[in-house]
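Structure below is data07.txt: compact mmCIF, C-alpha atoms.
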# COMPACT_ATOMS: atom_id res chain seq x y z
CA MET P 1 0.00 0.00 0.00
CA THR P 2 1.24 3.50 -0.79
CA ILE P 3 0.41 6.93 0.52
CA ASN P 4 -0.88 9.96 -1.37
CA LEU P 5 2.10 12.33 -1.39
CA ASP P 6 0.08 15.19 -2.91
CA CYS P 7 -2.47 14.98 -0.09
CA ILE P 8 0.24 14.80 2.59
CA ASN P 9 2.21 17.67 1.08
CA GLY P 10 -1.01 19.70 0.92
CA TYR P 11 -1.55 19.11 4.62
CA LEU P 12 2.07 19.98 5.37
CA ASP P 13 1.79 23.13 3.27
CA ALA P 14 -1.25 24.23 5.30
CA MET P 15 0.70 23.73 8.53
CA ARG P 16 3.69 25.55 6.99
CA CYS P 17 1.42 28.51 6.18
CA LEU P 18 0.33 28.66 9.83
CA ASN P 19 3.98 28.77 10.94
CA VAL P 20 5.40 31.24 8.41
CA GLY P 21 5.92 34.87 9.39
CA PRO P 22 7.33 38.19 8.20
CA ASN P 23 10.88 37.57 9.45
CA HIS P 24 11.30 33.86 8.81
CA CYS P 25 10.32 31.12 6.40
CA CYS P 26 9.76 27.42 6.80
CA ASN P 27 9.39 24.37 4.64
CA TYR P 28 7.51 21.17 5.42
CA MET P 29 7.43 18.32 2.87
CA ILE P 30 7.47 14.59 2.34
CA THR P 31 9.39 12.92 -0.49
CA LEU P 32 9.51 9.34 -1.74
CA LEU P 33 13.23 8.63 -2.03
CA ASP P 34 14.72 6.72 -4.95
CA ASN P 35 15.46 3.27 -3.55
CA LYS P 36 19.14 2.58 -4.25
CA GLY P 37 19.17 -0.95 -2.90
CA ASP P 38 19.51 -0.37 0.81
CA PHE P 39 18.84 2.15 3.52
CA THR P 40 22.34 3.67 3.63
CA GLN P 41 22.72 4.02 -0.14
CA THR P 42 19.23 5.50 -0.47
CA LEU P 43 19.95 8.20 2.14
CA ALA P 44 23.38 8.91 0.62
CA HIS P 45 21.87 9.35 -2.83
CA TYR P 46 19.24 11.77 -1.52
CA PHE P 47 21.58 14.02 0.47
CA GLN P 48 24.26 14.21 -2.20
CA SER P 49 21.56 15.36 -4.65
CA ILE P 50 20.99 18.61 -2.70
CA PRO P 51 22.93 21.51 -4.27
CA ASN P 52 24.27 24.55 -2.49
CA GLY P 53 23.31 28.06 -3.65
CA GLN P 54 25.79 27.89 -6.53
CA GLY P 55 24.59 24.50 -7.81
CA LYS P 56 27.49 22.51 -6.34
CA TYR P 57 26.82 19.01 -4.98
CA PHE P 58 28.66 17.37 -2.10
CA ASP P 59 29.48 13.73 -1.44
CA ALA P 60 27.18 12.06 1.08
CA ALA P 61 30.11 11.49 3.48
CA LEU P 62 30.36 15.27 3.91
CA TRP P 63 26.79 15.35 5.22
CA HIS P 64 27.71 13.13 8.21
CA ILE P 65 24.42 11.24 7.97
CA SER P 66 23.48 9.59 11.25
CA PRO P 67 20.13 7.75 11.43
CA LYS P 68 18.63 6.97 14.82
CA GLN P 69 15.66 4.64 15.08
CA ILE P 70 12.75 6.21 16.96
CA THR P 71 9.40 5.06 18.30
CA VAL P 72 5.98 6.05 17.00
CA ASP P 73 5.57 8.29 20.08
CA GLU P 74 8.88 10.04 19.35
CA PHE P 75 7.81 10.47 15.72
CA ILE P 76 4.51 12.06 16.80
CA HIS P 77 6.36 14.30 19.26
CA GLN P 78 8.52 15.61 16.38
CA ILE P 79 5.39 16.36 14.33
CA ASP P 80 3.82 18.24 17.26
CA LYS P 81 7.04 20.19 17.75
CA TRP P 82 7.14 21.40 14.15
CA PHE P 83 3.43 22.13 13.96
CA PHE P 84 2.97 23.90 17.30
CA ASN P 85 6.12 24.31 19.39
CA GLN P 86 8.40 26.57 17.35
CA ASN P 87 8.93 30.21 18.34
CA TYR P 88 6.56 31.31 15.57
CA SER P 89 3.97 28.54 15.76
CA PRO P 90 0.31 29.36 16.04
CA THR P 91 -1.22 29.39 19.48
CA VAL P 92 -3.89 26.73 19.55
CA HIS P 93 -6.02 25.12 22.15
CA GLN P 94 -4.47 21.77 23.10
CA GLU P 95 -7.49 19.86 21.76
CA ASN P 96 -7.25 21.60 18.36
CA GLY P 97 -3.51 20.91 18.20
CA SER P 98 -4.10 17.23 18.86
CA SER P 99 -6.75 17.18 16.13
CA ALA P 100 -4.34 18.75 13.64
CA THR P 101 -1.63 16.21 14.43
CA LEU P 102 -4.11 13.33 14.29
CA GLY P 103 -5.35 14.64 10.94
CA PHE P 104 -1.81 14.57 9.63
CA LEU P 105 -1.27 11.05 10.96
CA ASP P 106 -4.46 9.99 9.15
CA THR P 107 -2.84 10.99 5.86
CA LEU P 108 -0.12 8.42 6.64
CA SER P 109 -2.58 5.69 7.70
CA PRO P 110 -2.29 3.55 4.53
CA ILE P 111 1.19 2.50 5.68
CA ALA P 112 0.48 2.04 9.43
CA LEU P 113 3.26 3.65 11.43
CA THR P 114 3.43 0.64 13.74
CA LYS P 115 4.54 -1.43 10.73
CA CYS P 116 7.22 1.06 9.61
CA TYR P 117 10.76 1.56 10.70
CA LEU P 118 10.99 5.18 11.82
CA TYR P 119 14.22 7.15 11.99
CA GLU P 120 15.37 10.60 12.89
CA ILE P 121 18.11 11.48 10.42
CA LYS P 122 20.76 13.73 11.96
CA THR P 123 23.12 15.50 9.56
CA ILE P 124 25.89 18.06 9.64
CA PRO P 125 25.40 19.65 6.21
CA PRO P 126 28.39 20.88 4.20
CA ILE P 127 26.19 23.72 2.91
CA ARG P 128 23.88 26.39 4.31
CA TYR P 129 20.79 24.26 4.89
CA ALA P 130 18.50 26.11 7.33
CA THR P 131 18.63 27.59 10.83
CA ARG P 132 16.80 24.56 12.27
CA TRP P 133 15.67 21.38 10.60
CA SER P 134 14.52 17.85 11.18
CA ASP P 135 14.50 14.93 8.78
CA LEU P 136 12.39 11.90 9.64
CA LEU P 137 12.44 8.71 7.60
CA LEU P 138 9.60 6.22 7.31
CA ALA P 139 10.79 2.90 5.90
CA HIS P 140 7.91 0.75 4.73
CA HIS P 141 8.65 -2.37 2.68
CA GLU P 142 10.80 -1.14 -0.23
CA ASN P 143 9.71 2.51 0.13
CA TYR P 144 11.58 5.23 1.97
CA TYR P 145 9.65 8.42 2.73
CA LEU P 146 11.61 11.42 3.99
CA LEU P 147 9.63 13.92 6.03
CA HIS P 148 11.52 17.21 6.11
CA PHE P 149 10.89 20.26 8.30
CA ASP P 150 13.01 23.40 8.34
CA LEU P 151 12.88 26.95 9.64
CA ASP P 152 15.08 29.82 8.55
CA ASP P 153 15.26 33.03 10.56
Starting from the coordinates I provided, produce the structure as structure tokens.
Amino acid sequence: MTINLDCINGYLDAMRCLNVGPNHCCNYMITLLDNKGDFTQTLAHYFQSIPNGQGKYFDAALWHISPKQITVDEFIHQIDKWFFNQNYSPTVHQENGSSATLGFLDTLSPIALTKCYLYEIKTIPPIRYATRWSDLLLAHHENYYLLHFDLDD
């Protein structure tokens, strides 16, 4: 079973719009990564395909990619953090915040998070990437979905 990336990115874009402001920008998106045979090669291929401002690409080793497996609860906590706990996030009633996060999780329901391997991907980019960012990976069968959040002041 696959997920609808357009629907998920639409949801993420709505949450991004709530978090954007006059003196900062943010980006929230999910991407299906090109499977390069295994987890490590797939991540390496993705990160070395990101150019700097002058169009230069850097070897994956320079990104210092460090995946850490996380639980579903830790994954949800990261989502909550990027939706509602940044300096510029909207102030919402706790019940409404939970509904927004649950709505987002519903967009992922075709792949059942409890049947995925979930990772937080730590990097030390060789380029100007963002002020703050988080990359989360959902590994489901042969598919790798990268959920990316960033904020630039």
Counting only C-alpha atoms, the residue among P:Tyr57, P:Tyr144, P:Phe104, P:Phe47 that lies closest to P:Ile79 is P:Phe104
With all atoms of stretch 17-27 of chain P from the file as input, state the centre and edge lengths in Å to one decimal of the axis-aligned box that has 6 Å extra on each side, as AutoDock Vina command-line options.
--center_x 5.8 --center_y 31.3 --center_z 7.8 --size_x 23.0 --size_y 25.8 --size_z 18.3
Worksheet item: Just how far from atom CA of P:Gly53 is atom CA of P:Lys122, in Å to one decimal?
Response: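 Atom-to-atom, atom CA of P:Lys122 and atom CA of P:Gly53 are spaced 21.3 Å apart.
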I'd like the interatomic distance between atom CA of P:Ala100 and atom CA of P:Tyr117, to a tenth of an Å.
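Taking atom CA of P:Ala100 and atom CA of P:Tyr117, their separation equals 23.1 Å.
Nearest to P:Gly103 of all the residues P:Cys17, P:Ile76, P:Leu62, P:Ala130 is P:Ile76, based on all atoms listed in the file.
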Taking all atoms listed in the file into account, name the residue in P:Leu147, P:Ile121, P:Ile127, P:Cys25 that is nearest to P:Ile8.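 That would be P:Leu147, the residue with the smallest distance to P:Ile8.
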Quick one: residues within 8 Å of P:Pro125, all atoms listed in the file counted, chain neighbours fewer than 4 positions away excluded, as a list in words?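 These residues fall inside the cut-off: Leu62, Trp63, His64 and Tyr129 of chain P.
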Which residues of stretch 21-119 of chain P come within 12 Å of stretch 134-143 of chain P, and for each one, what is the closest pair of atoms and their distance in Å to one decimal, counting only C-alpha atoms, sorted by chain and residue number, as JSON lines?
{"residue": "P:Cys26", "atom": "CA", "partner": "P:Ser134", "partner_atom": "CA", "distance": 11.6}
{"residue": "P:Asn27", "atom": "CA", "partner": "P:Ser134", "partner_atom": "CA", "distance": 10.6}
{"residue": "P:Tyr28", "atom": "CA", "partner": "P:Ser134", "partner_atom": "CA", "distance": 9.7}
{"residue": "P:Met29", "atom": "CA", "partner": "P:Asp135", "partner_atom": "CA", "distance": 9.8}
{"residue": "P:Ile30", "atom": "CA", "partner": "P:Leu136", "partner_atom": "CA", "distance": 9.2}
{"residue": "P:Thr31", "atom": "CA", "partner": "P:Leu137", "partner_atom": "CA", "distance": 9.6}
{"residue": "P:Leu32", "atom": "CA", "partner": "P:Asn143", "partner_atom": "CA", "distance": 7.1}
{"residue": "P:Leu33", "atom": "CA", "partner": "P:Asn143", "partner_atom": "CA", "distance": 7.4}
{"residue": "P:Asp34", "atom": "CA", "partner": "P:Asn143", "partner_atom": "CA", "distance": 8.3}
{"residue": "P:Asn35", "atom": "CA", "partner": "P:Asn143", "partner_atom": "CA", "distance": 6.9}
{"residue": "P:Lys36", "atom": "CA", "partner": "P:Glu142", "partner_atom": "CA", "distance": 10.0}
{"residue": "P:Gly37", "atom": "CA", "partner": "P:Glu142", "partner_atom": "CA", "distance": 8.8}
{"residue": "P:Asp38", "atom": "CA", "partner": "P:Glu142", "partner_atom": "CA", "distance": 8.8}
{"residue": "P:Phe39", "atom": "CA", "partner": "P:Ala139", "partner_atom": "CA", "distance": 8.4}
{"residue": "P:Thr40", "atom": "CA", "partner": "P:Ala139", "partner_atom": "CA", "distance": 11.8}
{"residue": "P:Thr42", "atom": "CA", "partner": "P:Asn143", "partner_atom": "CA", "distance": 10.0}
{"residue": "P:Leu43", "atom": "CA", "partner": "P:Leu137", "partner_atom": "CA", "distance": 9.3}
{"residue": "P:Tyr46", "atom": "CA", "partner": "P:Asp135", "partner_atom": "CA", "distance": 11.8}
{"residue": "P:Phe47", "atom": "CA", "partner": "P:Asp135", "partner_atom": "CA", "distance": 11.0}
{"residue": "P:Ile65", "atom": "CA", "partner": "P:Asp135", "partner_atom": "CA", "distance": 10.6}
{"residue": "P:Ser66", "atom": "CA", "partner": "P:Asp135", "partner_atom": "CA", "distance": 10.7}
{"residue": "P:Pro67", "atom": "CA", "partner": "P:Leu137", "partner_atom": "CA", "distance": 8.6}
{"residue": "P:Lys68", "atom": "CA", "partner": "P:Leu136", "partner_atom": "CA", "distance": 9.5}
{"residue": "P:Gln69", "atom": "CA", "partner": "P:Leu137", "partner_atom": "CA", "distance": 9.1}
{"residue": "P:Ile70", "atom": "CA", "partner": "P:Leu136", "partner_atom": "CA", "distance": 9.3}
{"residue": "P:Thr71", "atom": "CA", "partner": "P:Leu138", "partner_atom": "CA", "distance": 11.1}
{"residue": "P:Val72", "atom": "CA", "partner": "P:Leu138", "partner_atom": "CA", "distance": 10.3}
{"residue": "P:Glu74", "atom": "CA", "partner": "P:Leu136", "partner_atom": "CA", "distance": 10.5}
{"residue": "P:Phe75", "atom": "CA", "partner": "P:Leu136", "partner_atom": "CA", "distance": 7.7}
{"residue": "P:Ile76", "atom": "CA", "partner": "P:Leu136", "partner_atom": "CA", "distance": 10.6}
{"residue": "P:His77", "atom": "CA", "partner": "P:Leu136", "partner_atom": "CA", "distance": 11.6}
{"residue": "P:Gln78", "atom": "CA", "partner": "P:Ser134", "partner_atom": "CA", "distance": 8.2}
{"residue": "P:Ile79", "atom": "CA", "partner": "P:Leu136", "partner_atom": "CA", "distance": 9.5}
{"residue": "P:Lys81", "atom": "CA", "partner": "P:Ser134", "partner_atom": "CA", "distance": 10.2}
{"residue": "P:Trp82", "atom": "CA", "partner": "P:Ser134", "partner_atom": "CA", "distance": 8.7}
{"residue": "P:Leu108", "atom": "CA", "partner": "P:Leu138", "partner_atom": "CA", "distance": 10.0}
{"residue": "P:Ser109", "atom": "CA", "partner": "P:His140", "partner_atom": "CA", "distance": 12.0}
{"residue": "P:Pro110", "atom": "CA", "partner": "P:His140", "partner_atom": "CA", "distance": 10.6}
{"residue": "P:Ile111", "atom": "CA", "partner": "P:His140", "partner_atom": "CA", "distance": 7.0}
{"residue": "P:Ala112", "atom": "CA", "partner": "P:His140", "partner_atom": "CA", "distance": 8.9}
{"residue": "P:Leu113", "atom": "CA", "partner": "P:Leu138", "partner_atom": "CA", "distance": 8.0}
{"residue": "P:Thr114", "atom": "CA", "partner": "P:His140", "partner_atom": "CA", "distance": 10.1}
{"residue": "P:Lys115", "atom": "CA", "partner": "P:His140", "partner_atom": "CA", "distance": 7.2}
{"residue": "P:Cys116", "atom": "CA", "partner": "P:His140", "partner_atom": "CA", "distance": 4.9}
{"residue": "P:Tyr117", "atom": "CA", "partner": "P:Ala139", "partner_atom": "CA", "distance": 5.0}
{"residue": "P:Leu118", "atom": "CA", "partner": "P:Leu138", "partner_atom": "CA", "distance": 4.8}
{"residue": "P:Tyr119", "atom": "CA", "partner": "P:Leu137", "partner_atom": "CA", "distance": 5.0}
In Å to one decimal, how far is atom CA of P:Trp133 from atom CA of P:Pro22?
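Separating atom CA of P:Pro22 from atom CA of P:Trp133 is a distance of 18.9 Å.
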What lies within 8 Å of P:Phe58 using only C-alpha atoms, ignoring chain neighbours under 3 positions off, as a PyMOL selection string?
chain P and resi 48-51+62-63+126
Dump of C-alpha atoms for the selected residues, as a short mmCIF file (atom, residue, chain, number, x, y, z; two decimals), in the frame of the given file:
data_model
loop_
_atom_site.label_atom_id
_atom_site.label_comp_id
_atom_site.auth_asym_id
_atom_site.auth_seq_id
_atom_site.Cartn_x
_atom_site.Cartn_y
_atom_site.Cartn_z
CA GLN P 48 24.26 14.21 -2.20
CA SER P 49 21.56 15.36 -4.65
CA ILE P 50 20.99 18.61 -2.70
CA PRO P 51 22.93 21.51 -4.27
CA LEU P 62 30.36 15.27 3.91
CA TRP P 63 26.79 15.35 5.22
CA PRO P 126 28.39 20.88 4.20
#
Residue nearest P:His45 - candidates P:Asp153, P:Asp73, P:Asp106, P:Asp59, atoms counted: all atoms listed in the file: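 Under the stated criterion, the closest residue is P:Asp59.
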Got a minute to add all heavy atoms to stretch 64-75 of chain P and dump it as an mmCIF file, in the frame of the given file?
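Output file out-v3.cif is given in full below:
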data_model
loop_
_atom_site.group_PDB
_atom_site.id
_atom_site.type_symbol
_atom_site.label_atom_id
_atom_site.label_comp_id
_atom_site.auth_asym_id
_atom_site.auth_seq_id
_atom_site.Cartn_x
_atom_site.Cartn_y
_atom_site.Cartn_z
ATOM 1 N N HIS P 64 27.654 13.790 6.903
ATOM 2 C CA HIS P 64 27.710 13.130 8.210
ATOM 3 C C HIS P 64 26.324 12.615 8.614
ATOM 4 O O HIS P 64 25.784 12.984 9.658
ATOM 5 C CB HIS P 64 28.278 14.072 9.272
ATOM 6 C CG HIS P 64 29.617 14.621 8.913
ATOM 7 N ND1 HIS P 64 30.787 13.908 9.048
ATOM 8 C CD2 HIS P 64 29.970 15.814 8.373
ATOM 9 C CE1 HIS P 64 31.801 14.629 8.629
ATOM 10 N NE2 HIS P 64 31.333 15.796 8.207
ATOM 11 N N ILE P 65 25.771 11.772 7.776
ATOM 12 C CA ILE P 65 24.420 11.240 7.970
ATOM 13 C C ILE P 65 24.419 10.226 9.108
ATOM 14 O O ILE P 65 25.178 9.264 9.096
ATOM 15 C CB ILE P 65 23.915 10.578 6.668
ATOM 16 C CG1 ILE P 65 23.954 11.588 5.526
ATOM 17 C CG2 ILE P 65 22.527 9.992 6.859
ATOM 18 C CD1 ILE P 65 23.831 10.958 4.140
ATOM 19 N N SER P 66 23.545 10.460 10.074
ATOM 20 C CA SER P 66 23.480 9.590 11.250
ATOM 21 C C SER P 66 22.018 9.271 11.583
ATOM 22 O O SER P 66 21.346 10.056 12.247
ATOM 23 C CB SER P 66 24.157 10.305 12.424
ATOM 24 O OG SER P 66 24.069 9.524 13.587
ATOM 25 N N PRO P 67 21.519 8.122 11.111
ATOM 26 C CA PRO P 67 20.130 7.750 11.430
ATOM 27 C C PRO P 67 20.012 7.163 12.837
ATOM 28 O O PRO P 67 20.897 6.452 13.294
ATOM 29 C CB PRO P 67 19.804 6.692 10.372
ATOM 30 C CG PRO P 67 21.114 6.180 9.893
ATOM 31 C CD PRO P 67 22.153 7.206 10.179
ATOM 32 N N LYS P 68 18.925 7.519 13.491
ATOM 33 C CA LYS P 68 18.630 6.970 14.820
ATOM 34 C C LYS P 68 17.200 6.460 14.791
ATOM 35 O O LYS P 68 16.270 7.225 14.489
ATOM 36 C CB LYS P 68 18.781 8.069 15.876
ATOM 37 C CG LYS P 68 18.364 7.632 17.265
ATOM 38 C CD LYS P 68 18.300 8.825 18.206
ATOM 39 C CE LYS P 68 17.510 8.452 19.436
ATOM 40 N NZ LYS P 68 16.870 9.588 20.063
ATOM 41 N N GLN P 69 17.017 5.184 15.080
ATOM 42 C CA GLN P 69 15.660 4.640 15.080
ATOM 43 C C GLN P 69 14.878 5.242 16.240
ATOM 44 O O GLN P 69 15.405 5.432 17.340
ATOM 45 C CB GLN P 69 15.681 3.118 15.190
ATOM 46 C CG GLN P 69 14.340 2.513 14.886
ATOM 47 C CD GLN P 69 14.401 1.022 14.619
ATOM 48 O OE1 GLN P 69 15.437 0.395 14.729
ATOM 49 N NE2 GLN P 69 13.264 0.454 14.278
ATOM 50 N N ILE P 70 13.616 5.603 15.955
ATOM 51 C CA ILE P 70 12.750 6.210 16.960
ATOM 52 C C ILE P 70 11.431 5.445 17.043
ATOM 53 O O ILE P 70 11.094 4.675 16.144
ATOM 54 C CB ILE P 70 12.485 7.713 16.665
ATOM 55 C CG1 ILE P 70 11.827 7.905 15.296
ATOM 56 C CG2 ILE P 70 13.781 8.516 16.776
ATOM 57 C CD1 ILE P 70 11.418 9.347 14.983
ATOM 58 N N THR P 71 10.699 5.697 18.101
ATOM 59 C CA THR P 71 9.400 5.060 18.300
ATOM 60 C C THR P 71 8.306 5.881 17.625
ATOM 61 O O THR P 71 8.524 7.042 17.242
ATOM 62 C CB THR P 71 9.079 4.949 19.799
ATOM 63 O OG1 THR P 71 8.917 6.273 20.326
ATOM 64 C CG2 THR P 71 10.170 4.193 20.563
ATOM 65 N N VAL P 72 7.131 5.317 17.538
ATOM 66 C CA VAL P 72 5.980 6.050 17.000
ATOM 67 C C VAL P 72 5.708 7.280 17.869
ATOM 68 O O VAL P 72 5.441 8.365 17.343
ATOM 69 C CB VAL P 72 4.734 5.138 16.905
ATOM 70 C CG1 VAL P 72 3.492 5.944 16.546
ATOM 71 C CG2 VAL P 72 4.963 4.016 15.900
ATOM 72 N N ASP P 73 5.796 7.146 19.186
ATOM 73 C CA ASP P 73 5.570 8.290 20.080
ATOM 74 C C ASP P 73 6.591 9.397 19.841
ATOM 75 O O ASP P 73 6.242 10.583 19.844
ATOM 76 C CB ASP P 73 5.598 7.861 21.546
ATOM 77 C CG ASP P 73 4.364 7.082 21.958
ATOM 78 O OD1 ASP P 73 3.329 7.171 21.259
ATOM 79 O OD2 ASP P 73 4.432 6.371 22.981
ATOM 80 N N GLU P 74 7.848 9.034 19.634
ATOM 81 C CA GLU P 74 8.880 10.040 19.350
ATOM 82 C C GLU P 74 8.620 10.713 17.998
ATOM 83 O O GLU P 74 8.813 11.919 17.851
ATOM 84 C CB GLU P 74 10.271 9.407 19.368
ATOM 85 C CG GLU P 74 10.713 8.994 20.764
ATOM 86 C CD GLU P 74 11.958 8.130 20.754
ATOM 87 O OE1 GLU P 74 12.084 7.227 19.898
ATOM 88 O OE2 GLU P 74 12.823 8.360 21.635
ATOM 89 N N PHE P 75 8.162 9.939 17.033
ATOM 90 C CA PHE P 75 7.810 10.470 15.720
ATOM 91 C C PHE P 75 6.689 11.507 15.855
ATOM 92 O O PHE P 75 6.785 12.619 15.340
ATOM 93 C CB PHE P 75 7.392 9.321 14.798
ATOM 94 C CG PHE P 75 6.967 9.740 13.428
ATOM 95 C CD1 PHE P 75 7.908 9.979 12.433
ATOM 96 C CD2 PHE P 75 5.621 9.871 13.116
ATOM 97 C CE1 PHE P 75 7.513 10.355 11.158
ATOM 98 C CE2 PHE P 75 5.213 10.246 11.846
ATOM 99 C CZ PHE P 75 6.171 10.498 10.859
#
